[in-house]
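Novice: Following this line is entry.cif, made up of mmCIF, C-alpha atoms:
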data_final
loop_
_atom_site.label_atom_id
_atom_site.label_comp_id
_atom_site.auth_asym_id
_atom_site.auth_seq_id
_atom_site.Cartn_x
_atom_site.Cartn_y
_atom_site.Cartn_z
CA MET H 14 -21.60 -14.64 -39.37
CA PRO H 15 -21.20 -12.97 -35.97
CA SER H 16 -24.23 -10.99 -34.85
CA SER H 17 -23.98 -7.30 -34.02
CA ILE H 18 -27.09 -7.58 -31.83
CA SER H 19 -26.66 -7.13 -28.10
CA LEU H 20 -29.13 -8.21 -25.44
CA VAL H 21 -30.95 -5.61 -23.37
CA CYS H 22 -32.95 -5.76 -20.17
CA PRO H 23 -36.45 -6.97 -21.14
CA HIS H 24 -37.96 -4.64 -18.54
CA THR H 25 -36.04 -1.36 -18.97
CA HIS H 26 -34.32 -1.98 -22.36
CA ASP H 27 -31.02 -0.86 -20.79
CA PRO H 28 -27.95 -2.53 -22.35
CA LEU H 29 -26.62 -5.67 -20.68
CA ARG H 30 -22.96 -6.56 -20.16
CA LEU H 31 -21.41 -9.85 -19.16
CA GLN H 32 -20.21 -9.97 -15.56
CA GLY H 33 -19.05 -13.38 -14.43
CA GLU H 34 -21.85 -15.81 -15.24
CA ALA H 35 -24.59 -13.22 -15.60
CA LEU H 36 -25.71 -10.34 -17.78
CA VAL H 37 -26.21 -7.13 -15.81
CA THR H 38 -27.29 -3.55 -16.48
CA HIS H 39 -24.67 -0.84 -16.03
CA ASP H 40 -26.18 0.23 -12.70
CA GLY H 41 -26.16 -3.38 -11.50
CA LYS H 42 -29.84 -3.33 -10.57
CA MET H 43 -30.99 -5.93 -13.09
CA ARG H 44 -29.18 -9.26 -13.34
CA TYR H 45 -29.86 -12.21 -15.66
CA PRO H 46 -27.96 -15.51 -15.28
CA VAL H 47 -26.23 -17.32 -18.12
CA VAL H 48 -26.84 -21.04 -17.55
CA ASP H 49 -25.02 -23.62 -19.66
CA GLY H 50 -24.27 -20.92 -22.22
CA ILE H 51 -27.91 -19.81 -22.56
CA PRO H 52 -28.82 -16.36 -21.15
CA ASN H 53 -31.99 -16.37 -19.04
CA CYS H 54 -33.63 -13.01 -19.73
CA MET H 55 -37.03 -13.93 -18.32
CA HIS H 56 -39.45 -11.18 -17.33
CA PRO H 57 -41.54 -10.76 -15.28
CA PRO H 58 -39.97 -12.87 -12.52
CA ARG H 59 -43.41 -14.29 -11.71
CA LEU H 60 -44.88 -15.55 -14.98
CA GLY H 61 -48.56 -15.37 -15.85
CA ALA H 62 -50.55 -18.53 -15.20
CA ASP H 63 -50.62 -19.68 -18.84
CA ASP H 64 -46.93 -19.00 -19.42
CA LYS H 65 -45.94 -20.77 -16.20
CA ARG H 66 -48.06 -23.82 -16.97
CA TRP H 67 -46.87 -24.22 -20.55
CA SER H 68 -43.19 -23.59 -19.78
CA LYS H 69 -43.26 -26.40 -17.21
CA PHE H 70 -45.11 -28.70 -19.60
CA TYR H 71 -42.68 -28.13 -22.47
CA ASP H 72 -39.64 -28.52 -20.22
CA LEU H 73 -40.84 -32.06 -19.53
CA PHE H 74 -42.17 -32.81 -23.02
CA ALA H 75 -39.24 -31.32 -24.97
CA PRO H 76 -37.36 -34.61 -25.66
CA PHE H 77 -40.47 -36.17 -27.20
CA TYR H 78 -42.03 -33.18 -28.99
CA ALA H 79 -40.58 -33.61 -32.48
CA TRP H 80 -41.30 -37.35 -32.58
CA SER H 81 -44.81 -36.88 -31.18
CA GLU H 82 -45.74 -34.21 -33.71
CA ARG H 83 -44.35 -36.14 -36.65
CA THR H 84 -45.88 -39.52 -35.76
CA LEU H 85 -48.88 -39.06 -33.48
CA GLY H 86 -49.74 -35.72 -35.06
CA GLY H 87 -49.73 -37.28 -38.51
CA LEU H 88 -51.82 -40.20 -37.30
CA VAL H 89 -54.50 -38.00 -35.72
CA THR H 90 -54.70 -35.36 -38.47
CA GLY H 91 -54.16 -37.62 -41.46
CA LEU H 92 -51.58 -35.15 -42.80
CA ASP H 93 -47.99 -35.54 -43.90
CA ILE H 94 -46.63 -33.22 -41.21
CA VAL H 95 -43.24 -32.76 -42.89
CA GLN H 96 -44.86 -31.85 -46.20
CA VAL H 97 -47.35 -29.33 -44.78
CA ARG H 98 -44.53 -27.70 -42.80
CA ARG H 99 -42.46 -27.38 -45.96
CA GLU H 100 -45.39 -25.81 -47.81
CA MET H 101 -45.92 -23.27 -45.03
CA MET H 102 -42.26 -22.27 -44.90
CA ARG H 103 -42.42 -21.24 -48.56
CA LEU H 104 -44.59 -18.32 -47.37
CA ILE H 105 -41.89 -16.95 -45.04
CA PRO H 106 -40.23 -13.95 -46.77
CA ALA H 107 -36.77 -14.28 -45.18
CA GLY H 108 -33.92 -13.37 -47.51
CA ARG H 109 -30.22 -14.18 -47.75
CA GLY H 110 -27.98 -12.29 -45.36
CA GLU H 111 -30.84 -11.25 -43.06
CA THR H 112 -30.68 -11.23 -39.29
CA ILE H 113 -33.88 -12.80 -37.99
CA LEU H 114 -35.48 -13.90 -34.74
CA GLU H 115 -37.51 -17.04 -34.21
CA VAL H 116 -39.76 -16.80 -31.16
CA SER H 117 -40.67 -20.19 -29.65
CA PRO H 118 -38.43 -22.40 -31.80
CA GLY H 119 -39.26 -25.45 -29.68
CA PRO H 120 -36.87 -28.28 -30.62
CA GLY H 121 -35.77 -26.50 -33.80
CA ILE H 122 -38.32 -27.92 -36.22
CA TYR H 123 -38.29 -24.85 -38.52
CA GLN H 124 -34.64 -23.93 -38.06
CA PRO H 125 -33.28 -25.77 -41.14
CA ASP H 126 -35.72 -23.91 -43.42
CA LEU H 127 -34.89 -20.55 -41.85
CA ALA H 128 -31.15 -21.24 -42.11
CA ALA H 129 -31.52 -22.15 -45.79
CA LYS H 130 -33.34 -18.88 -46.43
CA VAL H 131 -30.80 -16.55 -44.74
CA GLY H 132 -27.74 -18.55 -45.83
CA GLY H 133 -24.32 -18.68 -44.21
CA GLU H 134 -24.03 -14.88 -44.32
CA GLY H 135 -27.25 -14.50 -42.30
CA CYS H 136 -27.85 -14.72 -38.57
CA ILE H 137 -30.59 -16.36 -36.50
CA TRP H 138 -31.56 -15.73 -32.90
CA ALA H 139 -34.01 -18.08 -31.17
CA LEU H 140 -35.94 -17.27 -27.98
CA ASP H 141 -38.11 -19.68 -26.02
CA ILE H 142 -39.73 -19.63 -22.59
CA SER H 143 -38.77 -23.30 -22.09
CA ARG H 144 -35.14 -24.13 -21.31
CA GLY H 145 -35.88 -27.77 -22.12
CA MET H 146 -36.92 -26.81 -25.63
CA LEU H 147 -33.83 -24.64 -26.10
CA LYS H 148 -31.60 -27.57 -25.16
CA GLN H 149 -33.33 -29.73 -27.75
CA CYS H 150 -33.01 -26.94 -30.31
CA ARG H 151 -29.29 -26.61 -29.65
CA LYS H 152 -28.82 -30.37 -30.05
CA ALA H 153 -30.82 -30.52 -33.29
CA CYS H 154 -29.04 -27.50 -34.79
CA ALA H 155 -25.48 -28.31 -33.72
CA GLN H 156 -24.30 -28.68 -37.34
CA GLN H 157 -26.53 -25.97 -38.80
CA THR H 158 -25.14 -22.89 -40.57
CA PRO H 159 -25.93 -20.40 -39.25
CA ALA H 160 -26.50 -21.98 -35.86
CA PRO H 161 -29.14 -20.14 -33.79
CA GLN H 162 -28.06 -17.96 -30.89
CA LEU H 163 -30.28 -19.09 -28.03
CA VAL H 164 -31.98 -17.00 -25.35
CA GLN H 165 -34.51 -17.98 -22.71
CA GLY H 166 -37.20 -15.34 -22.39
CA ASN H 167 -40.81 -14.29 -22.55
CA ALA H 168 -42.23 -13.36 -25.97
CA ALA H 169 -44.16 -10.49 -24.37
CA TYR H 170 -40.92 -8.93 -23.02
CA LEU H 171 -38.23 -9.43 -25.64
CA PRO H 172 -34.63 -8.64 -24.55
CA PHE H 173 -33.72 -6.88 -27.80
CA GLU H 174 -33.39 -3.28 -28.97
CA ASP H 175 -35.97 -1.58 -31.18
CA GLY H 176 -35.70 -2.39 -34.88
CA CYS H 177 -32.68 -4.68 -34.64
CA PHE H 178 -33.99 -7.56 -36.79
CA ASP H 179 -34.84 -7.80 -40.48
CA GLY H 180 -37.65 -10.24 -39.73
CA LEU H 181 -39.32 -12.38 -37.09
CA PHE H 182 -40.96 -15.80 -37.27
CA HIS H 183 -43.24 -17.39 -34.69
CA PHE H 184 -45.48 -20.38 -35.11
CA GLY H 185 -47.46 -22.38 -32.58
CA GLY H 186 -47.94 -20.59 -29.29
CA VAL H 187 -49.24 -17.03 -29.44
CA ASN H 188 -52.88 -18.05 -28.85
CA LEU H 189 -51.86 -19.52 -25.48
CA PHE H 190 -49.55 -16.74 -24.27
CA SER H 191 -50.52 -15.00 -21.02
CA GLU H 192 -50.14 -11.64 -22.84
CA PRO H 193 -50.66 -12.31 -26.56
CA ASP H 194 -51.49 -8.69 -27.46
CA ARG H 195 -48.31 -7.46 -25.81
CA ALA H 196 -46.30 -10.16 -27.57
CA LEU H 197 -47.47 -8.97 -31.00
CA LEU H 198 -46.46 -5.41 -30.12
CA GLU H 199 -43.05 -6.73 -29.12
CA PHE H 200 -42.77 -8.65 -32.41
CA ALA H 201 -43.24 -5.36 -34.27
CA ARG H 202 -40.97 -3.38 -31.93
CA VAL H 203 -37.83 -5.44 -32.46
CA VAL H 204 -38.13 -5.57 -36.28
CA LYS H 205 -37.03 -2.63 -38.39
CA ARG H 206 -39.65 -0.53 -40.18
CA GLY H 207 -40.70 -2.24 -43.38
CA GLY H 208 -39.32 -5.54 -42.12
CA TRP H 209 -41.44 -8.67 -42.01
CA VAL H 210 -43.22 -10.48 -39.17
CA ALA H 211 -44.75 -13.91 -39.82
CA TYR H 212 -46.69 -15.53 -37.01
CA GLY H 213 -49.42 -18.11 -36.62
CA ASP H 214 -50.97 -20.78 -34.48
CA GLU H 215 -53.70 -23.38 -34.35
CA GLN H 216 -57.18 -22.46 -35.59
CA PHE H 217 -59.73 -24.59 -37.39
CA SER H 218 -60.66 -23.46 -40.87
CA LEU H 219 -64.38 -23.25 -41.64
CA GLU H 220 -64.19 -26.74 -43.15
CA TRP H 221 -62.67 -28.21 -39.98
CA ARG H 222 -65.22 -26.41 -37.79
CA GLN H 223 -68.00 -28.09 -39.73
CA ARG H 224 -66.48 -31.56 -39.62
CA THR H 225 -68.01 -34.10 -37.25
CA ASP H 226 -65.76 -37.09 -37.99
CA LEU H 227 -63.59 -38.81 -35.38
CA ARG H 228 -60.44 -36.85 -36.28
CA ALA H 229 -62.17 -33.50 -35.72
CA LYS H 230 -63.67 -34.72 -32.44
CA ILE H 231 -60.29 -35.92 -31.17
CA LEU H 232 -58.62 -32.62 -32.06
CA ARG H 233 -61.37 -30.56 -30.41
CA ARG H 234 -61.20 -32.59 -27.23
CA GLY H 235 -57.43 -32.87 -27.14
CA ASN H 236 -56.60 -29.23 -27.90
CA PRO H 237 -59.13 -26.42 -27.36
CA GLY H 238 -56.65 -24.07 -29.05
CA PHE H 239 -58.07 -25.12 -32.41
CA LEU H 240 -61.28 -23.26 -31.55
CA ARG H 241 -59.66 -20.15 -30.06
CA GLU H 242 -59.66 -16.82 -31.86
CA PRO H 243 -56.21 -15.35 -32.53
CA PRO H 244 -55.21 -12.04 -30.92
CA ALA H 245 -56.06 -8.82 -32.75
CA ILE H 246 -53.43 -7.56 -35.18
CA PRO H 247 -51.88 -4.32 -33.82
CA ALA H 248 -51.66 -1.14 -35.87
CA SER H 249 -47.87 -1.46 -35.92
CA LEU H 250 -48.27 -4.40 -38.32
CA ASP H 251 -49.76 -3.80 -41.75
CA SER H 252 -49.84 -5.29 -45.27
CA VAL H 253 -51.23 -8.41 -43.66
CA ALA H 254 -51.56 -11.52 -45.81
CA ARG H 255 -53.54 -14.21 -43.97
CA HIS H 256 -53.07 -17.84 -44.95
CA GLN H 257 -54.67 -21.11 -43.92
CA VAL H 258 -51.86 -23.59 -43.43
CA GLN H 259 -51.18 -27.07 -42.05
CA GLY H 260 -54.13 -28.54 -43.90
CA GLY H 261 -56.57 -25.93 -42.59
CA LEU H 262 -55.70 -26.56 -38.94
CA CYS H 263 -53.71 -23.35 -38.49
CA TYR H 264 -53.38 -19.76 -39.68
CA LEU H 265 -50.31 -17.78 -40.68
CA ASN H 266 -50.23 -13.98 -40.85
CA VAL H 267 -47.40 -12.49 -42.90
CA CYS H 268 -47.09 -8.77 -42.16
CA ARG H 269 -44.82 -5.76 -42.55
CA VAL H 270 -43.86 -3.42 -39.74
CA ALA H 271 -45.66 -0.14 -40.33
CA ALA H 272 -43.53 2.82 -41.39
#
Before anything else, please render the file you have as structure tokens.
Specialist:
Amino acid sequence: MPSSISLVCPHTHDPLRLQGEALVTHDGKMRYPVVDGIPNCMHPPRLGADDKRWSKFYDLFAPFYAWSERTLGGLVTGLDIVQVRREMMRLIPAGRGETILEVSPGPGIYQPDLAAKVGGEGCIWALDISRGMLKQCRKACAQQTPAPQLVQGNAAYLPFEDGCFDGLFHFGGVNLFSEPDRALLEFARVVKRGGWVAYGDEQFSLEWRQRTDLRAKILRRGNPGFLREPPAIPASLDSVARHQVQGGLCYLNVCRVAA
């Protein structure tokens, strides 16, 4: 179904209107290009070091990400990646007819599950810092109903009005954001009061932290994110249910936006 959500300036939150091949504020001071049908609402213009590094990496890695995670990821972890993903998505409280946002969809790995939850009468927006990933997401979801409406942007400066979504899903990135605390505040800001926010990332469970086998050593060396602590949960998110997912390699927090 068509979305009633309009994009706003991620810096001032002023409404944006289409002018030629760009979205501009009414005073014309802020201008965001629309490239190949995808609005670029990036802010700030000069990204933080972590955001800049990872956006470049994922632009290059985007065509190989899904295959790499499914094959190499399964080989290294010993897990059935498709199965553990499916188990995690059962925890996402999206409902039919909802309008939801996925932050950092990557190549669209979780999009089919989200689309099944909201149904044809629902609506999905998808925002990623990597244009390469958004192109892969668009390709993977070309026949999906509802198809995601794509936006390039920074999770810490979302180009959406306050309380415009029923829910928000993010998995696999927040620990490495340049401004993770600000991103979580933004997650809560754009979801209506009482709506849901589900987010998570890599983090070893206690069992994995104690393991000394080859798999654990490879994961520690290959990705220090497994040993990072997640950002603090802001007061604007409550009713937090914390889950260990992906075979104990990751966490998922399912929250409600505080009233």
Novice: What is the distance between CA of Gly235 in chain H and CA of Ala153 in chain H, in Å to one decimal?
Specialist: 27.4 Å
Novice: Counting all atoms listed in the file, what is within 9 Å of Met102 in chain H, bar same-chain residues fewer than 6 positions away, as a PyMOL selection string?
Specialist: chain H and resi 123+126-127
Novice: Here's the selection I'm unsure about, the PyMOL selection byres ((chain H and resi 272) around 8); applied to the file above, which residues does it give, as a ChimeraX atom specification?
Specialist: /H:206-207,270-271
Novice: Translate the PyMOL selection byres ((chain H and resi 192) around 10) into a concrete residue list for this structure, as a PDB file with C-alpha atoms, in the coordinates of the input.
Specialist:
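This went into result-v3.pdb:
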ATOM      1  CA  GLY H  61     -48.560 -15.370 -15.850  1.00  0.00           C
ATOM      2  CA  ASP H  63     -50.620 -19.680 -18.840  1.00  0.00           C
ATOM      3  CA  ASP H  64     -46.930 -19.000 -19.420  1.00  0.00           C
ATOM      4  CA  ASN H 167     -40.810 -14.290 -22.550  1.00  0.00           C
ATOM      5  CA  ALA H 168     -42.230 -13.360 -25.970  1.00  0.00           C
ATOM      6  CA  ALA H 169     -44.160 -10.490 -24.370  1.00  0.00           C
ATOM      7  CA  TYR H 170     -40.920  -8.930 -23.020  1.00  0.00           C
ATOM      8  CA  VAL H 187     -49.240 -17.030 -29.440  1.00  0.00           C
ATOM      9  CA  ASN H 188     -52.880 -18.050 -28.850  1.00  0.00           C
ATOM     10  CA  LEU H 189     -51.860 -19.520 -25.480  1.00  0.00           C
ATOM     11  CA  PHE H 190     -49.550 -16.740 -24.270  1.00  0.00           C
ATOM     12  CA  SER H 191     -50.520 -15.000 -21.020  1.00  0.00           C
ATOM     13  CA  PRO H 193     -50.660 -12.310 -26.560  1.00  0.00           C
ATOM     14  CA  ASP H 194     -51.490  -8.690 -27.460  1.00  0.00           C
ATOM     15  CA  ARG H 195     -48.310  -7.460 -25.810  1.00  0.00           C
ATOM     16  CA  ALA H 196     -46.300 -10.160 -27.570  1.00  0.00           C
ATOM     17  CA  LEU H 197     -47.470  -8.970 -31.000  1.00  0.00           C
ATOM     18  CA  PRO H 244     -55.210 -12.040 -30.920  1.00  0.00           C
TER      19      PRO H 244
END
Novice: With distances taken over only C-alpha atoms, which of H:Leu265, H:Ile122, H:Leu36, H:Leu140 is nearest to Asp214 in chain H?
Specialist: H:Leu265
Novice: Given the file shown, determine the residues that the PyMOL selection byres ((chain H and resi 171) around 9) selects; report them as a list in words.
Specialist: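 With the shown file as input, the PyMOL selection byres ((chain H and resi 171) around 9) matches Val21, Cys22, Pro23, His24, Cys54, Met55, His56, Leu140, Gly166, Asn167, Ala168, Ala169, Tyr170, Pro172, Phe173, Glu174, Ala196, Glu199, Phe200 and Val203 of chain H.
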Novice: Here is a test: counting only C-alpha atoms, which residue of H:Leu219, H:Leu85, H:Ile51, H:Leu92 is nearest to Lys148 in chain H?
Specialist: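 Of H:Leu219, H:Leu85, H:Ile51, H:Leu92, the one nearest Lys148 in chain H is H:Ile51, counting only C-alpha atoms.
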Novice: Could you write range 51-159 of chain H of the block just shown to a file containing C-alpha atoms, as an mmCIF file, in the first residue's frame?
Specialist:
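Below is the file selection_37.cif, written as the result:
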data_model
loop_
_atom_site.group_PDB
_atom_site.id
_atom_site.type_symbol
_atom_site.label_atom_id
_atom_site.label_comp_id
_atom_site.auth_asym_id
_atom_site.auth_seq_id
_atom_site.Cartn_x
_atom_site.Cartn_y
_atom_site.Cartn_z
ATOM 1 C CA ILE H 51 17.110 6.337 -4.044
ATOM 2 C CA PRO H 52 17.095 9.549 -1.957
ATOM 3 C CA ASN H 53 20.441 10.322 -0.321
ATOM 4 C CA CYS H 54 19.554 11.908 3.023
ATOM 5 C CA MET H 55 22.990 11.507 4.575
ATOM 6 C CA HIS H 56 23.947 13.631 7.565
ATOM 7 C CA PRO H 57 26.399 14.887 8.653
ATOM 8 C CA PRO H 58 28.133 15.560 5.317
ATOM 9 C CA ARG H 59 31.419 14.385 6.846
ATOM 10 C CA LEU H 60 30.757 10.994 8.421
ATOM 11 C CA GLY H 61 32.408 9.789 11.608
ATOM 12 C CA ALA H 62 35.449 7.568 11.139
ATOM 13 C CA ASP H 63 33.631 4.285 11.845
ATOM 14 C CA ASP H 64 30.649 5.135 9.643
ATOM 15 C CA LYS H 65 32.897 6.239 6.778
ATOM 16 C CA ARG H 66 35.047 3.116 6.967
ATOM 17 C CA TRP H 67 32.148 0.674 7.113
ATOM 18 C CA SER H 68 30.083 2.390 4.411
ATOM 19 C CA LYS H 69 33.022 2.101 2.006
ATOM 20 C CA PHE H 70 33.619 -1.513 2.978
ATOM 21 C CA TYR H 71 29.992 -2.541 2.474
ATOM 22 C CA ASP H 72 29.725 -0.687 -0.835
ATOM 23 C CA LEU H 73 32.472 -2.987 -2.125
ATOM 24 C CA PHE H 74 31.352 -6.137 -0.300
ATOM 25 C CA ALA H 75 27.617 -5.788 -0.995
ATOM 26 C CA PRO H 76 27.419 -8.213 -3.986
ATOM 27 C CA PHE H 77 29.043 -10.988 -1.951
ATOM 28 C CA TYR H 78 27.553 -10.385 1.508
ATOM 29 C CA ALA H 79 24.567 -12.739 1.416
ATOM 30 C CA TRP H 80 26.575 -15.618 -0.072
ATOM 31 C CA SER H 81 29.464 -15.063 2.339
ATOM 32 C CA GLU H 82 27.245 -15.049 5.414
ATOM 33 C CA ARG H 83 25.306 -18.113 4.346
ATOM 34 C CA THR H 84 28.307 -20.237 3.313
ATOM 35 C CA LEU H 85 31.455 -18.983 5.022
ATOM 36 C CA GLY H 86 29.513 -17.852 8.082
ATOM 37 C CA GLY H 87 27.942 -21.279 8.432
ATOM 38 C CA LEU H 88 31.303 -22.976 7.969
ATOM 39 C CA VAL H 89 33.045 -20.887 10.644
ATOM 40 C CA THR H 90 30.233 -20.897 13.229
ATOM 41 C CA GLY H 91 28.934 -24.410 12.636
ATOM 42 C CA LEU H 92 25.381 -23.023 12.527
ATOM 43 C CA ASP H 93 22.598 -23.309 9.992
ATOM 44 C CA ILE H 94 22.487 -19.571 9.289
ATOM 45 C CA VAL H 95 19.089 -19.679 7.579
ATOM 46 C CA GLN H 96 17.548 -21.588 10.484
ATOM 47 C CA VAL H 97 18.930 -19.346 13.247
ATOM 48 C CA ARG H 98 17.753 -16.284 11.317
ATOM 49 C CA ARG H 99 14.263 -17.759 11.049
ATOM 50 C CA GLU H 100 14.207 -18.486 14.789
ATOM 51 C CA MET H 101 15.238 -14.918 15.600
ATOM 52 C CA MET H 102 12.609 -13.370 13.347
ATOM 53 C CA ARG H 103 9.881 -15.127 15.335
ATOM 54 C CA LEU H 104 10.733 -12.699 18.154
ATOM 55 C CA ILE H 105 9.971 -9.603 16.057
ATOM 56 C CA PRO H 106 6.506 -8.294 17.062
ATOM 57 C CA ALA H 107 5.530 -6.744 13.713
ATOM 58 C CA GLY H 108 1.839 -7.089 12.881
ATOM 59 C CA ARG H 109 -0.271 -7.068 9.738
ATOM 60 C CA GLY H 110 -0.931 -3.659 8.240
ATOM 61 C CA GLU H 111 1.887 -1.956 10.157
ATOM 62 C CA THR H 112 4.234 0.625 8.708
ATOM 63 C CA ILE H 113 7.757 -0.269 9.798
ATOM 64 C CA LEU H 114 11.346 0.805 9.242
ATOM 65 C CA GLU H 115 14.323 -1.489 8.857
ATOM 66 C CA VAL H 116 17.599 0.270 9.609
ATOM 67 C CA SER H 117 20.623 -1.307 7.888
ATOM 68 C CA PRO H 118 18.791 -3.867 5.741
ATOM 69 C CA GLY H 119 22.004 -4.783 3.930
ATOM 70 C CA PRO H 120 21.141 -6.945 0.900
ATOM 71 C CA GLY H 121 17.615 -7.584 2.170
ATOM 72 C CA ILE H 122 18.244 -10.744 4.176
ATOM 73 C CA TYR H 123 15.399 -10.108 6.663
ATOM 74 C CA GLN H 124 13.022 -8.396 4.254
ATOM 75 C CA PRO H 125 10.972 -11.495 3.306
ATOM 76 C CA ASP H 126 10.208 -12.201 6.974
ATOM 77 C CA LEU H 127 9.247 -8.587 7.645
ATOM 78 C CA ALA H 128 7.041 -8.487 4.538
ATOM 79 C CA ALA H 129 5.287 -11.685 5.618
ATOM 80 C CA LYS H 130 4.574 -10.161 9.025
ATOM 81 C CA VAL H 131 3.081 -6.854 7.796
ATOM 82 C CA GLY H 132 1.335 -8.379 4.761
ATOM 83 C CA GLY H 133 0.304 -6.681 1.540
ATOM 84 C CA GLU H 134 -1.597 -3.999 3.456
ATOM 85 C CA GLY H 135 1.565 -3.025 5.380
ATOM 86 C CA CYS H 136 4.449 -0.799 4.388
ATOM 87 C CA ILE H 137 8.221 -1.132 4.816
ATOM 88 C CA TRP H 138 10.894 1.537 4.624
ATOM 89 C CA ALA H 139 14.565 0.531 4.555
ATOM 90 C CA LEU H 140 17.483 2.855 5.336
ATOM 91 C CA ASP H 141 21.161 2.014 4.950
ATOM 92 C CA ILE H 142 24.377 4.026 4.977
ATOM 93 C CA SER H 143 25.699 1.948 2.059
ATOM 94 C CA ARG H 144 24.309 2.628 -1.416
ATOM 95 C CA GLY H 145 25.827 -0.658 -2.582
ATOM 96 C CA MET H 146 23.774 -2.547 -0.022
ATOM 97 C CA LEU H 147 20.603 -0.690 -0.997
ATOM 98 C CA LYS H 148 21.093 -1.685 -4.625
ATOM 99 C CA GLN H 149 21.426 -5.322 -3.596
ATOM 100 C CA CYS H 150 18.351 -4.991 -1.382
ATOM 101 C CA ARG H 151 16.317 -3.548 -4.248
ATOM 102 C CA LYS H 152 17.407 -6.398 -6.538
ATOM 103 C CA ALA H 153 16.615 -9.090 -3.958
ATOM 104 C CA CYS H 154 13.208 -7.584 -3.105
ATOM 105 C CA ALA H 155 12.045 -6.721 -6.618
ATOM 106 C CA GLN H 156 9.118 -9.174 -6.431
ATOM 107 C CA GLN H 157 8.378 -8.687 -2.733
ATOM 108 C CA THR H 158 5.020 -7.401 -1.459
ATOM 109 C CA PRO H 159 5.286 -4.905 0.050
#
